[in-house]
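Colleague: Supplied structure: final36.txt, compact mmCIF, C-alpha atoms.
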# COMPACT_ATOMS: atom_id res chain seq x y z
CA MET A 1 -8.21 82.25 34.52
CA THR A 2 -8.20 85.37 36.71
CA ALA A 3 -6.89 88.74 35.60
CA HIS A 4 -3.59 89.87 37.00
CA PRO A 5 -4.22 92.62 39.61
CA ASP A 6 -1.84 95.02 37.82
CA LEU A 7 -3.64 94.40 34.51
CA ALA A 8 -7.03 95.12 36.08
CA ALA A 9 -5.69 98.36 37.56
CA LEU A 10 -4.22 99.39 34.21
CA PHE A 11 -7.52 98.65 32.51
CA GLN A 12 -9.48 100.77 34.99
CA ARG A 13 -7.02 103.61 34.71
CA HIS A 14 -6.56 103.77 30.92
CA ALA A 15 -9.40 101.97 29.10
CA THR A 16 -11.64 105.03 28.69
CA ASP A 17 -8.85 107.19 27.22
CA LEU A 18 -7.63 104.37 25.01
CA ALA A 19 -11.12 103.67 23.67
CA GLY A 20 -11.59 107.38 22.92
CA TYR A 21 -8.31 107.47 21.02
CA LEU A 22 -9.32 104.41 18.97
CA ARG A 23 -12.76 105.87 18.20
CA ARG A 24 -11.04 108.92 16.71
CA GLN A 25 -8.78 106.71 14.57
CA LEU A 26 -11.43 104.32 13.25
CA PRO A 27 -14.73 104.81 11.40
CA CYS A 28 -16.66 102.33 13.54
CA PRO A 29 -17.06 102.72 17.33
CA HIS A 30 -17.65 98.97 17.71
CA LEU A 31 -14.34 98.25 16.02
CA ALA A 32 -12.66 100.74 18.34
CA GLU A 33 -14.06 98.91 21.37
CA ASP A 34 -12.88 95.58 19.96
CA LEU A 35 -9.37 96.87 19.40
CA CYS A 36 -9.31 98.35 22.88
CA GLN A 37 -10.08 94.91 24.25
CA ASP A 38 -7.36 93.44 22.03
CA VAL A 39 -4.82 95.85 23.52
CA PHE A 40 -5.55 94.61 27.03
CA LEU A 41 -5.62 90.98 25.89
CA ARG A 42 -2.16 91.42 24.41
CA LEU A 43 -1.00 93.23 27.51
CA GLY A 44 -2.15 90.20 29.49
CA GLN A 45 0.43 88.15 27.56
CA HIS A 46 3.18 90.44 28.84
CA PRO A 47 5.15 88.66 31.59
CA GLU A 48 4.91 91.53 34.07
CA PRO A 49 2.49 94.27 32.99
CA GLY A 50 2.81 96.01 36.36
CA ARG A 51 6.51 96.59 35.87
CA LEU A 52 6.22 98.64 32.67
CA GLU A 53 8.04 101.98 32.97
CA GLU A 54 5.44 103.94 30.92
CA PRO A 55 2.29 101.78 30.83
CA ARG A 56 0.12 104.48 29.23
CA ALA A 57 2.60 105.04 26.39
CA TYR A 58 2.96 101.28 25.95
CA LEU A 59 -0.85 100.86 25.70
CA PHE A 60 -1.20 103.68 23.18
CA ARG A 61 1.67 102.32 21.06
CA MET A 62 -0.01 98.89 21.01
CA ALA A 63 -3.30 100.54 20.05
CA ARG A 64 -1.60 102.50 17.24
CA ASN A 65 -0.01 99.30 15.94
CA LEU A 66 -3.40 97.55 15.94
CA VAL A 67 -4.94 100.45 13.99
CA ILE A 68 -2.12 100.22 11.43
CA ASP A 69 -2.58 96.45 11.15
CA HIS A 70 -6.32 96.92 10.71
CA HIS A 71 -5.81 99.43 7.87
CA ARG A 72 -3.28 97.15 6.17
CA ARG A 73 -5.65 94.18 6.32
CA ARG A 74 -8.52 96.29 5.02
CA CYS A 75 -6.46 97.57 2.07
CA SER A 76 -5.17 94.11 1.17
CA ARG A 77 -8.65 92.55 1.03
CA PRO A 78 -10.81 92.96 -2.02
CA THR A 79 -13.73 95.29 -1.47
CA SER A 80 -16.92 93.48 -0.71
CA GLN A 81 -19.96 93.84 -2.89
CA PRO A 82 -23.47 93.98 -1.44
CA LEU A 83 -25.34 90.74 -2.00
CA ASP A 84 -28.46 92.49 -3.22
CA ASP A 85 -26.54 94.06 -6.13
CA PRO A 86 -28.39 93.37 -9.42
CA ALA A 87 -25.05 92.63 -11.09
CA LEU A 88 -24.84 89.49 -8.94
CA CYS A 89 -28.13 88.13 -10.20
CA LEU A 90 -27.71 84.59 -11.48
CA ALA A 91 -31.09 84.31 -13.17
CA CYS A 92 -31.02 83.18 -16.75
CA PRO A 93 -32.15 85.93 -19.14
CA ARG A 94 -34.23 83.44 -21.07
CA PRO A 95 -37.59 82.31 -19.70
CA CYS A 96 -37.69 78.95 -17.99
CA PRO A 97 -39.20 76.07 -20.01
CA GLU A 98 -42.48 76.26 -18.08
CA GLU A 99 -42.90 79.95 -18.87
CA ALA A 100 -42.03 79.44 -22.53
CA THR A 101 -44.51 76.57 -22.82
CA GLU A 102 -47.22 78.56 -21.06
CA ARG A 103 -46.61 81.52 -23.35
CA ARG A 104 -46.84 79.28 -26.45
CA LEU A 105 -50.05 77.70 -25.18
CA CYS A 106 -51.53 81.12 -24.49
CA GLN A 107 -50.60 82.30 -27.97
CA LEU A 108 -52.10 79.14 -29.48
CA ARG A 109 -55.38 79.63 -27.57
CA LEU A 110 -55.51 83.29 -28.59
CA ARG A 111 -54.87 82.36 -32.22
CA GLU A 112 -57.71 79.80 -32.05
CA ALA A 113 -60.01 82.39 -30.49
CA MET A 114 -59.11 84.89 -33.23
CA ASP A 115 -59.68 82.27 -35.94
CA ALA A 116 -63.15 81.59 -34.53
CA LEU A 117 -64.17 85.25 -34.99
CA PRO A 118 -66.18 86.39 -38.01
CA PRO A 119 -63.85 88.02 -40.59
CA ARG A 120 -64.99 91.62 -39.94
CA LEU A 121 -64.52 91.33 -36.18
CA ARG A 122 -61.13 89.65 -36.59
CA GLN A 123 -59.99 92.35 -39.04
CA ALA A 124 -61.21 95.20 -36.81
CA LEU A 125 -59.43 93.75 -33.78
CA THR A 126 -56.22 93.13 -35.74
CA TRP A 127 -56.15 96.66 -37.11
CA HIS A 128 -56.95 98.15 -33.70
CA ARG A 129 -54.55 96.12 -31.52
CA LEU A 130 -51.69 95.30 -33.85
CA GLU A 131 -51.60 98.27 -36.19
CA GLY A 132 -52.97 100.87 -33.77
CA LEU A 133 -55.66 102.23 -36.07
CA THR A 134 -58.38 104.45 -34.65
CA GLN A 135 -62.08 103.58 -34.82
CA ALA A 136 -62.55 106.16 -37.60
CA GLU A 137 -59.78 104.56 -39.70
CA ILE A 138 -61.17 101.07 -39.14
CA GLY A 139 -64.65 102.29 -40.05
CA ARG A 140 -63.37 103.81 -43.30
CA ARG A 141 -61.49 100.62 -44.25
CA LEU A 142 -64.48 98.40 -43.49
CA GLY A 143 -66.98 100.82 -45.00
CA VAL A 144 -68.94 101.24 -41.75
CA SER A 145 -69.45 104.04 -39.28
CA GLU A 146 -66.91 104.87 -36.60
CA ARG A 147 -69.35 103.71 -33.94
CA MET A 148 -69.87 100.35 -35.69
CA ALA A 149 -66.08 99.90 -35.96
CA GLY A 150 -65.89 100.41 -32.17
CA ARG A 151 -68.59 97.79 -31.68
CA TYR A 152 -66.68 95.33 -33.88
CA VAL A 153 -63.55 95.76 -31.75
CA THR A 154 -65.55 95.45 -28.51
CA GLN A 155 -67.40 92.34 -29.70
CA ALA A 156 -64.14 90.74 -30.88
CA ILE A 157 -62.50 91.33 -27.50
CA GLU A 158 -65.52 89.98 -25.60
CA ARG A 159 -65.71 86.83 -27.76
CA CYS A 160 -61.98 86.16 -27.46
CA ARG A 161 -62.10 86.68 -23.71
CA ALA A 162 -65.08 84.32 -23.36
CA GLN A 163 -63.38 81.62 -25.45
CA LEU A 164 -60.10 81.96 -23.53
CA GLU A 165 -61.91 81.70 -20.19
CA ALA A 166 -63.79 78.63 -21.43
CA THR A 167 -60.50 76.87 -22.25
CA LEU A 168 -59.01 77.43 -18.79
Render the structure in this file as structure tokens.
Modeller:
Amino acid sequence: MTAHPDLAALFQRHATDLAGYLRRQLPCPHLAEDLCQDVFLRLGQHPEPGRLEEPRAYLFRMARNLVIDHHRRRCSRPTSQPLDDPALCLACPRPCPEEATERRLCQLRLREAMDALPPRLRQALTWHRLEGLTQAEIGRRLGVSERMAGRYVTQAIERCRAQLEATL
């Protein structure tokens, strides 16, 4: 399909001005270029584009109508939401069965490691990690020095870590 010679002449004469007008009417320059092309495509459907009395006015009226149509379509569509929005996350809030099983196994191994500790070490570690007591408070409760209470906690952690690593 070849372009009608009158249509090609109209395009060369008015395309730059028409595209500038559309760029001022629309937020996106690419959309303006697309609508400019649409104007000339629609003009190509006119039976005799070369016989228009005011071709420039006709082109600008078509462009204005396309801008109006674009705004109407945009307003009638629901606004889109970005796909990376956290509200669109479909992940289940509960852990998957594998994670829950792994967590239970880890807790079981830790409990076994704690049970294997001598009572003083287990008590010092429990007070330190679960109740947040200081070494001085642990020492007072166990009737030992602050430094010895720190050693108990350190030894308990090292023994638990060694037992946990041995079970892996």
Colleague: Can you list, as a list of chain:residue names, every protein, DNA or RNA residue that comes within 10 Å of A:Gln155 when you count all atoms listed in the file, leaving out same-chain residues fewer than 6 positions away?
Modeller: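 Using all atoms listed in the file, the neighbours found are A:Leu117, A:Leu121, A:Arg122, A:Ala124, A:Leu125, A:Ala149, A:Arg161.
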Colleague: Once you have the residues from the selection above, write them out as an mmCIF file, keeping the file's coordinate frame, restricted to C-alpha atoms.
Modeller:
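Saved file again.cif follows:
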data_model
loop_
_atom_site.group_PDB
_atom_site.id
_atom_site.type_symbol
_atom_site.label_atom_id
_atom_site.label_comp_id
_atom_site.auth_asym_id
_atom_site.auth_seq_id
_atom_site.Cartn_x
_atom_site.Cartn_y
_atom_site.Cartn_z
ATOM 1 C CA LEU A 117 -64.170 85.250 -34.990
ATOM 2 C CA LEU A 121 -64.520 91.330 -36.180
ATOM 3 C CA ARG A 122 -61.130 89.650 -36.590
ATOM 4 C CA ALA A 124 -61.210 95.200 -36.810
ATOM 5 C CA LEU A 125 -59.430 93.750 -33.780
ATOM 6 C CA ALA A 149 -66.080 99.900 -35.960
ATOM 7 C CA ARG A 161 -62.100 86.680 -23.710
#
Colleague: Quick one: distance from atom CA of A:Leu10 to atom CA of A:His71 in Å, one decimal?
Modeller: 26.4 Å
Colleague: Quick one: residues within 9 Å of A:Phe60, all atoms listed in the file, excluding same-chain residues fewer than 4 positions away - as a list in words?
Modeller: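 Listing them by chain and then by number gives Leu18, Tyr21, Val39, Pro55, Arg56, Arg64 and Asn65 of chain A.
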Colleague: For a quick check of understanding, using all atoms listed in the file, which of A:Asp38, A:Phe11, A:Asp6, A:Ala63 has the smallest distance to A:Arg51?
Modeller: A:Asp6
Colleague: Atom CA of A:Gln107 to atom CA of A:Arg141: how many Å, to one decimal?
Modeller: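 Calculated distance between atom CA of A:Gln107 and atom CA of A:Arg141 is 26.8 Å.
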